[in-house]
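Q: Starting off with a structure, shown below.
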Amino acid sequence: MEASAGKVTITICFMLAYFALLIWAAFFSKTGKMKDNSIEEFAVGSRNFGWIMVLFTMMGLLITASAFASWFAWATFEGLIVQYMLVYSTVGFLFSYMFAKKIWIWGRKFNLLTQPDYIQLRYRSRFLTTLFGVCSILIEAPWVIMEFAAMGIMVEALTYGVIGAKIGTLVVGAFVISYIIYSGMKAVAVTELIQGFLSSVVIAVGMIAIIYKLFGGFGPLYQQVMSVSPDSLTLTYNGTYTYEYWTSIIITGSLGIMGWASFFSRIYTSRSVMDIKKVSFWSAAIGCVFTALLLIAAMGGILFPEVVEAAGKEMAFFVMAEKAFGPVFLALCGIVVLAAGMSMVSVITNSHGIIITENFVKPFCPNVSSAQRVKIARWSILVYGIIALGIAIGDLPNLYTIALIAYEGITQVVPVIIFSLYWKRSNKWGALLGFTAGLIIAIVVAMLIIIYGQSFVWTGGVIGLAVNVIIHVICGFVCPKDEHVDELFDMIRDYEDEMDGDVKPVLA
Amino acid sequence: MRDVKTKREKRKIINRFAVIYFAIIIFILAFPPITKLFDRNDIWIGVMPLSQFYILFFLFLLILGMGILYMVERKMEGGAK
């Protein structure tokens, strides 16, 4: 991308306008303001978000800055294999549709705010709860740091170097942290609404326009890709990948969505079970269409040498945008990518701040009031944000690799969640031993693959998952059933009866 | 009470049917031998190769299933939000 004073001015003007809009939304709009100073309001917006708000916070799980940078570049180089994203996100939202009901009901009944809160309710083990809290933060934090760094790089690229990457990271990061501290999940949701809406319009309209402008339509795009790089139109890319690899990344990816601690925060913000189901359906539908358009356009990048060259620096998306519609569209695309990064970072940071408060601090100060917990959460978010920003502006050796290994780890949370929802015999020993074994296997195998180039038919995440499940089931049969579990499951049955017309008010 | 029981039974049947339907689609999308079968760039369906059509078509069926399931459940819960 060649710089000129005009292009720089356009981009900076767009960025300033966008930030002005977000400042208004987060700090001055009625929707973004906290109604009271309670931890429930700060953490999950008093469980009263409309489905549209929850939809865009949910979409933030999928549409990240990395999707426009790394995955777009990967699709340019190797085509169809990257569409595992399409499959895993849709299947992931299907899991959210099927499994979120009990999480929401118990969350509402027992005022749960975090994923470790849920673990404590179901397994009644302080150690397991703390372990889940620590692992959630350790596993997810690299993604926050990576997104912070990526946003800085985007700012540098979009301003053609006028604003450096580190300054960009600090400015955007400080802005995100400040609105989370100000109004917690409320500010996060209202900014996500704007970010999500903007991304939706730009991707849906923009990608179709790019495909028609640069390639002459979908058919010509596939035909041209077929003539230049036929391997891009196969899942194995001429034997580079196996079908088992395709299966592995879909399994770990789709189950991984449920493993994110911030996924629970999103569920708890919803008003009702049916809202969560509606959100899951629309997230799957919209996410699938957008990701498909993005990755199909990315595949066409192989036809342009300058896009291929830019893909090496993960800038293919921007080069293609500028090539199609010039600097104004490029600036819009830049804002979409920034929005995607901010969206992911804000939900995770808020969720981690609440985990620190509720699961690490509160057990030691049980008498602390709700307002004091909000204060602690704000300080936690500030300290967490400063540390993350500090690492993001330093050198980041292998952070991307660490984040990918971490994702294999997230998957190990899922058997614990699913068994806890559907199997009364699931107990803390199965959860603890299965999770620990699965995590160790996933990390060791992933490191062997990365360090020694040792290849396995299945990824570490899938092997760990299998061991995790086996241990969990064995412990379920060996150890006695927890006494409180029947009561929890009866509550779900009562809720269903209530919805069917019975009079017992479960959530009163 | 009988009405509640009938609804519970109905919900059970719908859930079982949905689980089987979704499991089949996920199996088709992610089971290696089946994926291999569809991973062809020498057969074209309309404007796209079979490998691409396969992904989009089965995902469409998955989303369609979710939409129908949502509508049925909503109707069962008396239009609850």
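Residues in the structure tokens are numbered from 1 in each chain, the chains being A, B, ... in the order shown, and ligands are numbered from 1 in the order shown.
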Find the residues of chain A in contact range of chain B, meaning any atom within 9 Å when counting only C-alpha atoms, and list them as a ChimeraX atom specification.
A: /A:80,83,86-87,90-91,94,97-98,218-220,222-223,226,230-231,233-236,242-248,250-251,271-275,277-278,280-282,284-285,288,292,496-502
Q: Within 8 Å of Ile356 of chain A, counting only C-alpha atoms, which residues qualify if same-chain residues fewer than 4 places away don't, as a ChimeraX atom specification?
A: /A:133,352,360-361,377,380
Q: Give me the residues near Phe317 of chain A as a PyMOL selection string, where near means some atom within 12 Å (using only C-alpha atoms) and where sequence neighbours in that chain fewer than 3 positions away do not count.
A: chain A and resi 1+65-76+154+157-158+203+206-207+210+294-302+306-314+320-324+329-334+336-337
Q: At a cut-off of 7 Å, using only C-alpha atoms, what residues contact Arg47 of chain A? Leave out same-chain residues fewer than 3 positions from it and give the result as a ChimeraX atom specification.
A: /A:44,268-271
Q: Can those selected residues be exported to a file as an mmCIF file, in the first residue's frame so that it contains N, CA, C and O atoms?
A:
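Once written, result_21.cif looks like this:
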```cif
data_model
loop_
_atom_site.group_PDB
_atom_site.id
_atom_site.type_symbol
_atom_site.label_atom_id
_atom_site.label_comp_id
_atom_site.auth_asym_id
_atom_site.auth_seq_id
_atom_site.Cartn_x
_atom_site.Cartn_y
_atom_site.Cartn_z
ATOM 1 N N VAL A 44 -22.730 -8.754 34.493
ATOM 2 C CA VAL A 44 -23.608 -9.350 33.477
ATOM 3 C C VAL A 44 -24.819 -8.469 33.143
ATOM 4 O O VAL A 44 -25.857 -8.960 32.673
ATOM 5 N N TYR A 268 -24.987 -15.414 30.639
ATOM 6 C CA TYR A 268 -25.619 -14.844 31.837
ATOM 7 C C TYR A 268 -26.227 -13.461 31.599
ATOM 8 O O TYR A 268 -27.043 -13.002 32.382
ATOM 9 N N THR A 269 -25.788 -12.772 30.525
ATOM 10 C CA THR A 269 -26.348 -11.438 30.282
ATOM 11 C C THR A 269 -27.774 -11.517 29.709
ATOM 12 O O THR A 269 -28.490 -10.524 29.709
ATOM 13 N N SER A 270 -28.159 -12.702 29.242
ATOM 14 C CA SER A 270 -29.430 -12.814 28.523
ATOM 15 C C SER A 270 -30.650 -12.815 29.445
ATOM 16 O O SER A 270 -30.572 -13.224 30.590
ATOM 17 N N ARG A 271 -31.775 -12.381 28.907
ATOM 18 C CA ARG A 271 -33.019 -12.293 29.686
ATOM 19 C C ARG A 271 -33.686 -13.648 29.902
ATOM 20 O O ARG A 271 -34.338 -13.881 30.894
#
```
Q: Could you jot down the atom CA of Ser89 of chain A to atom CA of Phe49 of chain A separation for me, Å, one decimal place?
A: 22.7 Å
Q: May I ask for the distance between atom CA of Gly256 of chain A and atom CA of Lys362 of chain A, given in Å to one decimal place?
A: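 Here the two named atoms are 27.8 Å from each other.
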Q: Considering only helix (DSSP H, G or I) as DSSP defines it on the backbone, what residues of chain B qualify? List them as a VMD selection string.
A: chain B and resid 2 to 30 32 to 38 50 to 76
